[in-house]
$ cat input37.txt   # compact mmCIF, C-alpha atoms
# COMPACT_ATOMS: atom_id res chain seq x y z
CA THR A 97 -22.46 -7.62 -0.08
CA GLY A 98 -23.07 -7.53 3.69
CA SER A 99 -25.90 -6.35 5.93
CA SER A 100 -25.11 -2.64 6.09
CA SER A 101 -27.67 -0.09 4.90
CA ASN A 102 -24.87 2.32 3.99
CA VAL A 103 -24.34 3.09 0.32
CA CYS A 104 -21.00 2.29 -1.24
CA PRO A 105 -19.10 4.80 -3.31
CA PRO A 106 -18.69 3.74 -6.95
CA SER A 107 -16.95 0.35 -6.84
CA ALA A 108 -16.83 -2.74 -9.00
CA LEU A 109 -17.32 -4.73 -5.76
CA CYS A 110 -18.22 -3.43 -2.31
CA ILE A 111 -18.09 -5.64 0.82
CA LEU A 112 -19.46 -4.05 3.99
CA ASP A 113 -20.18 -5.21 7.54
CA GLY A 114 -21.96 -8.52 8.00
CA ALA A 115 -19.92 -10.31 5.33
CA VAL A 116 -17.31 -12.00 7.53
CA GLY A 117 -15.35 -14.69 5.71
CA SER A 118 -16.40 -13.61 2.23
CA GLU A 119 -14.22 -14.90 -0.62
CA VAL A 120 -13.67 -13.54 -4.12
CA HIS A 121 -12.10 -15.93 -6.64
CA GLY A 122 -11.04 -15.84 -10.26
CA VAL A 123 -12.69 -12.64 -11.47
CA ALA A 124 -11.65 -9.29 -12.91
CA LEU A 125 -12.65 -6.05 -11.15
CA ARG A 126 -12.80 -2.86 -13.20
CA GLY A 127 -14.98 0.21 -12.83
CA SER A 128 -15.35 3.97 -12.69
CA GLY A 129 -14.35 4.14 -9.01
CA ASN A 130 -12.73 1.56 -6.75
CA GLY A 131 -12.08 -1.99 -7.82
CA LEU A 132 -12.84 -3.46 -4.38
CA LEU A 133 -13.92 -1.55 -1.27
CA LEU A 134 -13.93 -3.50 2.01
CA ASP A 135 -15.30 -1.94 5.19
CA GLY A 136 -16.39 -3.63 8.41
CA SER A 137 -15.87 -7.33 7.62
CA GLU A 138 -13.04 -9.62 8.67
CA GLN A 139 -11.29 -12.63 7.14
CA VAL A 140 -12.13 -11.62 3.59
CA VAL A 141 -10.07 -13.45 0.93
CA VAL A 142 -9.27 -12.21 -2.57
CA ASP A 143 -7.76 -15.05 -4.60
CA ARG A 144 -6.59 -15.04 -8.22
CA VAL A 145 -8.28 -11.73 -8.97
CA TRP A 146 -7.27 -9.19 -11.62
CA VAL A 147 -7.96 -5.66 -10.37
CA HIS A 148 -7.21 -3.26 -13.17
CA ASP A 149 -7.80 0.16 -14.72
CA ASN A 150 -9.96 1.55 -11.92
CA ALA A 151 -10.38 5.31 -11.67
CA THR A 152 -9.50 5.51 -7.97
CA VAL A 153 -8.16 2.68 -5.76
CA GLY A 154 -7.65 -0.89 -6.89
CA ILE A 155 -8.30 -2.38 -3.44
CA GLN A 156 -9.20 -0.37 -0.34
CA ALA A 157 -9.74 -1.78 3.18
CA GLN A 158 -10.97 0.61 5.88
CA ILE A 159 -12.60 0.51 9.31
CA THR A 160 -15.37 3.10 9.10
CA GLN A 161 -17.96 0.42 9.83
CA GLY A 162 -15.88 -1.80 12.10
CA THR A 163 -12.89 -4.11 12.28
CA THR A 164 -11.66 -5.10 8.85
CA SER A 165 -9.15 -7.68 7.62
CA LEU A 166 -8.21 -8.81 4.13
CA THR A 167 -5.94 -11.40 2.51
CA VAL A 168 -4.93 -11.04 -1.15
CA VAL A 169 -3.40 -14.14 -2.76
CA ASP A 170 -2.09 -14.85 -6.28
CA SER A 171 -3.63 -11.64 -7.61
CA LEU A 172 -2.65 -8.84 -9.99
CA VAL A 173 -3.43 -5.19 -9.20
CA GLU A 174 -2.40 -2.95 -12.08
CA ASN A 175 -2.98 0.35 -13.84
CA ASN A 176 -5.20 1.84 -11.13
CA GLN A 177 -5.06 5.40 -9.80
CA SER A 178 -3.82 3.93 -6.50
CA GLY A 179 -2.94 0.29 -5.88
CA VAL A 180 -3.79 -1.15 -2.46
CA THR A 181 -4.82 1.18 0.39
CA VAL A 182 -5.26 -0.03 3.97
CA VAL A 183 -6.66 2.49 6.47
CA GLY A 184 -6.57 1.27 10.07
CA ALA A 185 -7.29 -2.27 8.89
CA ALA A 186 -5.24 -5.50 8.71
CA GLY A 187 -4.01 -6.62 5.32
CA THR A 188 -2.00 -9.57 4.01
CA MET A 189 -0.67 -9.96 0.48
CA VAL A 190 0.91 -13.19 -0.72
CA ALA A 191 2.39 -14.08 -4.13
CA SER A 192 0.78 -11.04 -5.77
CA VAL A 193 1.81 -8.13 -8.00
CA VAL A 194 0.97 -4.41 -7.78
CA ARG A 195 2.26 -2.47 -10.77
CA GLY A 196 1.76 0.47 -13.07
CA THR A 197 -0.14 2.50 -10.48
CA ALA A 198 -0.55 6.28 -10.90
CA GLY A 199 0.30 6.68 -7.20
CA PRO A 200 1.61 4.50 -4.37
CA GLY A 201 1.62 0.78 -5.01
CA VAL A 202 0.65 0.09 -1.39
CA ASN A 203 -0.62 2.83 0.94
CA LEU A 204 -0.84 2.14 4.72
CA LEU A 205 -2.56 4.82 6.78
CA LEU A 206 -3.70 5.61 10.28
CA GLU A 207 -7.47 5.99 10.62
CA CYS A 208 -8.48 9.65 10.68
CA SER A 209 -11.88 11.31 10.88
CA GLY A 210 -11.84 14.93 9.84
CA ASP A 211 -9.04 16.64 11.73
CA VAL A 212 -8.69 13.87 14.33
CA CYS A 213 -6.55 10.75 13.91
CA ASP A 214 -6.71 7.76 16.24
CA PRO A 215 -3.16 6.65 17.15
CA ALA A 216 -4.51 3.22 18.11
CA SER A 217 -6.10 2.60 14.70
CA ARG A 218 -2.92 1.63 12.88
CA ALA A 219 -2.88 -0.22 9.61
CA THR A 220 -0.98 -3.51 9.71
CA PHE A 221 0.24 -5.17 6.53
CA SER A 222 2.14 -8.34 5.70
CA LEU A 223 3.76 -8.59 2.26
CA THR A 224 5.16 -12.00 1.33
CA GLY A 225 6.57 -13.29 -1.94
CA SER A 226 5.14 -10.33 -3.83
CA LEU A 227 6.25 -7.69 -6.34
CA LEU A 228 5.66 -3.93 -6.36
CA GLU A 229 6.97 -2.35 -9.55
CA GLN A 230 6.66 0.68 -11.79
CA ASN A 231 4.37 2.54 -9.42
CA GLU A 232 4.47 6.35 -9.19
CA GLY A 233 5.97 8.32 -6.33
CA VAL A 234 6.55 5.45 -3.91
CA GLY A 235 6.32 1.67 -4.05
CA LEU A 236 5.03 1.36 -0.49
CA PHE A 237 4.02 4.25 1.76
CA ALA A 238 3.30 3.80 5.48
CA ALA A 239 2.23 6.51 7.94
CA GLY A 240 1.49 5.49 11.51
CA SER A 241 1.37 1.87 10.39
CA ASP A 242 3.15 -1.47 10.80
CA LEU A 243 4.70 -3.48 7.97
CA THR A 244 6.17 -6.97 7.73
CA MET A 245 7.80 -7.70 4.38
CA GLU A 246 9.47 -10.98 3.51
CA GLY A 247 10.79 -12.44 0.27
CA SER A 248 9.39 -9.54 -1.75
CA VAL A 249 10.65 -7.10 -4.39
CA VAL A 250 10.06 -3.34 -4.67
CA ARG A 251 11.60 -2.00 -7.85
CA SER A 252 11.55 0.56 -10.62
CA THR A 253 9.35 3.12 -8.85
CA VAL A 254 9.00 6.14 -11.11
CA PRO A 255 9.00 9.82 -10.10
CA VAL A 256 5.79 11.81 -9.73
CA PRO A 257 4.85 13.23 -13.15
CA GLY A 258 5.01 16.97 -13.38
CA ASP A 259 7.56 17.86 -10.70
CA LEU A 260 9.56 14.63 -11.17
CA SER A 261 9.99 14.25 -7.40
CA ALA A 262 10.29 11.10 -5.28
CA GLY A 263 10.21 7.65 -6.84
CA ARG A 264 11.12 5.98 -3.53
CA GLY A 265 10.97 2.27 -2.85
CA LEU A 266 9.63 2.27 0.72
CA ASN A 267 8.69 5.38 2.70
CA LEU A 268 7.85 4.86 6.37
CA GLN A 269 6.98 7.90 8.45
CA ILE A 270 4.93 9.49 11.20
CA SER A 271 1.30 10.28 10.47
CA CYS A 272 0.45 13.79 9.31
CA ASN A 273 -3.02 15.29 8.99
CA GLY A 274 -2.73 18.37 6.84
CA ASN A 275 0.30 20.28 8.12
CA VAL A 276 0.12 18.73 11.60
CA CYS A 277 2.31 15.67 12.25
CA ASP A 278 2.21 13.50 15.36
CA PRO A 279 5.72 12.37 16.40
CA GLU A 280 4.18 9.56 18.47
CA THR A 281 2.81 7.80 15.38
CA GLY A 282 6.01 6.50 13.82
CA SER A 283 5.72 3.49 11.55
CA THR A 284 7.51 0.19 12.10
CA ALA A 285 8.82 -2.33 9.60
CA ILE A 286 10.41 -5.76 9.57
CA VAL A 287 12.01 -6.37 6.17
CA LEU A 288 13.48 -9.84 5.61
CA GLY A 289 15.08 -11.49 2.59
CA SER A 290 13.82 -8.88 0.16
CA LEU A 291 15.09 -6.79 -2.75
CA VAL A 292 14.65 -3.01 -3.18
CA GLU A 293 16.18 -1.89 -6.46
CA GLN A 294 16.20 0.64 -9.28
CA ASN A 295 14.09 3.19 -7.44
CA HIS A 296 14.70 6.94 -7.30
CA ASP A 297 15.63 9.36 -4.51
CA ILE A 298 15.77 6.83 -1.63
CA GLY A 299 15.47 3.05 -1.55
CA ILE A 300 14.10 2.86 2.00
CA SER A 301 13.25 6.08 3.85
CA LEU A 302 12.53 6.21 7.60
CA ILE A 303 11.09 9.42 9.04
CA GLY A 304 10.47 9.20 12.79
CA SER A 305 10.09 5.47 12.29
CA GLU A 306 11.89 2.20 13.05
CA ALA A 307 12.85 -0.79 10.91
CA LEU A 308 14.59 -4.13 11.30
CA ILE A 309 16.19 -5.02 7.96
CA GLU A 310 17.88 -8.40 7.54
CA GLY A 311 19.10 -10.38 4.53
CA THR A 312 17.87 -7.63 2.22
CA VAL A 313 19.55 -5.99 -0.78
CA ILE A 314 19.07 -2.30 -1.59
CA ARG A 315 20.76 -1.41 -4.85
CA GLY A 316 20.72 0.74 -7.94
CA THR A 317 18.90 3.70 -6.36
CA GLN A 318 18.91 6.59 -8.83
CA PRO A 319 19.11 10.31 -7.95
CA ARG A 320 15.95 12.39 -7.83
CA VAL A 321 15.09 13.31 -11.39
CA SER A 322 13.94 16.81 -10.37
CA ASP A 323 17.36 18.00 -9.15
CA GLU A 324 19.79 15.09 -9.63
CA THR A 325 20.47 14.86 -5.89
CA ALA A 326 19.99 12.09 -3.29
CA GLY A 327 20.09 8.57 -4.74
CA PHE A 328 20.50 7.00 -1.26
CA GLY A 329 19.94 3.34 -0.54
CA LEU A 330 18.77 3.96 3.04
CA SER A 331 17.88 7.18 4.83
CA ALA A 332 16.91 7.39 8.51
$ encode --input "input37.txt" --output "structure tokens"
Amino acid sequence: TGSSSNVCPPSALCILDGAVGSEVHGVALRGSGNGLLLDGSEQVVVDRVWVHDNATVGIQAQITQGTTSLTVVDSLVENNQSGVTVVGAAGTMVASVVRGTAGPGVNLLLECSGDVCDPASRATFSLTGSLLEQNEGVGLFAAGSDLTMEGSVVRSTVPVPGDLSAGRGLNLQISCNGNVCDPETGSTAIVLGSLVEQNHDIGISLIGSEALIEGTVIRGTQPRVSDETAGFGLSA
């Protein structure tokens, strides 16, 4: 949908610029690429949608074609290659579940074009009353991005298959493009009244980043499976 003449990559549903205020209700999205790709439209609502078994990303919001914002409510995102990815856009998730992903449950990234990243194009994401569980590598990854998490659960993240590394709950860090990292692009997080449990390696990891954590429980973090070390609740 939208007015753009650009062609979408393979997606069950593609919403481009010119589709401000679009709403998607009560459907299932499954395909050979993305479940939903959003680029260049604001105030898009995804409500009671089942996004499952997609070959790449369940839901991706990006700003290649302009300012983008998305709200996901009462939805289930499961068994995708990657769960929810927000690149330089604004995302909100309420009363939803992301699980069983073969990669990060939620991925928040700075907008980059080729070798150049724009420090001002930060992803922002609000996670409320939601569950991230049994995702691979990390429950929520943020690089050069801003997170607000309240009344949510991140649990049972599994290590990366093959090398059995990671399995972290939340990983917030500076943005890196290839082997070059920008120390000025630290992530920020406000984590309130939440639960981070039964993950591996580190419950909440902060690398060149800042977080305010209140009324939150971090428990049952298991050592890294690859070498039986770490197992920290919080690392900064």
$ residues_around --input "input37.txt" --residues "stretch 120-132 of chain A" --least-positions-apart "6" --cutoff "10 Å" --atoms "only C-alpha atoms" --output "tab-separated table (two decimals) with C-alpha atoms, keeping the file's coordinate frame"
chain	number	residue	atom	x	y	z
A	104	CYS	CA	-21.00	2.29	-1.24
A	105	PRO	CA	-19.10	4.80	-3.31
A	106	PRO	CA	-18.69	3.74	-6.95
A	107	SER	CA	-16.95	0.35	-6.84
A	108	ALA	CA	-16.83	-2.74	-9.00
A	109	LEU	CA	-17.32	-4.73	-5.76
A	110	CYS	CA	-18.22	-3.43	-2.31
A	111	ILE	CA	-18.09	-5.64	0.82
A	140	VAL	CA	-12.13	-11.62	3.59
A	141	VAL	CA	-10.07	-13.45	0.93
A	142	VAL	CA	-9.27	-12.21	-2.57
A	143	ASP	CA	-7.76	-15.05	-4.60
A	144	ARG	CA	-6.59	-15.04	-8.22
A	145	VAL	CA	-8.28	-11.73	-8.97
A	146	TRP	CA	-7.27	-9.19	-11.62
A	147	VAL	CA	-7.96	-5.66	-10.37
A	148	HIS	CA	-7.21	-3.26	-13.17
A	149	ASP	CA	-7.80	0.16	-14.72
A	150	ASN	CA	-9.96	1.55	-11.92
A	151	ALA	CA	-10.38	5.31	-11.67
A	152	THR	CA	-9.50	5.51	-7.97
A	153	VAL	CA	-8.16	2.68	-5.76
A	154	GLY	CA	-7.65	-0.89	-6.89
A	155	ILE	CA	-8.30	-2.38	-3.44
A	156	GLN	CA	-9.20	-0.37	-0.34
A	157	ALA	CA	-9.74	-1.78	3.18
A	168	VAL	CA	-4.93	-11.04	-1.15
A	169	VAL	CA	-3.40	-14.14	-2.76
A	170	ASP	CA	-2.09	-14.85	-6.28
A	171	SER	CA	-3.63	-11.64	-7.61
A	172	LEU	CA	-2.65	-8.84	-9.99
A	173	VAL	CA	-3.43	-5.19	-9.20
A	176	ASN	CA	-5.20	1.84	-11.13
A	177	GLN	CA	-5.06	5.40	-9.80
A	178	SER	CA	-3.82	3.93	-6.50
A	179	GLY	CA	-2.94	0.29	-5.88
A	180	VAL	CA	-3.79	-1.15	-2.46
$ closest_residue --input "input37.txt" --among "A:Val194, A:Val256, A:Val103, A:Leu134" --to "A:Ser118" --atoms "all atoms listed in the file"
A:Leu134
$ residues_around --input "input37.txt" --residues "A:Gly258" --least-positions-apart "5" --cutoff "12 Å" --atoms "all atoms listed in the file" --output "list in words"
Glu232, Gly233, Val321 and Ser322 of chain A
$ atom_distance --input "input37.txt" --atom1 "atom CA of A:Thr167" --atom2 "atom CA of A:Glu119"
9.5 Å
$ closest_residue --input "input37.txt" --among "A:Ala239, A:Val202, A:Leu302, A:Leu223" --to "A:Gly184" --atoms "only C-alpha atoms"
A:Ala239
$ closest_atom_pairs --input "input37.txt" --of "stretch 284-331 of chain A" --to "stretch 270-280 of chain A" --cutoff "10 Å" --atoms "all atoms listed in the file" --output "tab-separated table"
residue	atom	partner	partner_atom	distance
A:Thr284	CA	A:Ile270	CA	9.7
A:Leu302	CA	A:Ile270	CA	9.0
A:Ile303	CA	A:Ile270	CA	6.5
A:Gly304	CA	A:Ile270	CA	5.8
A:Ser305	CA	A:Ile270	CA	6.6
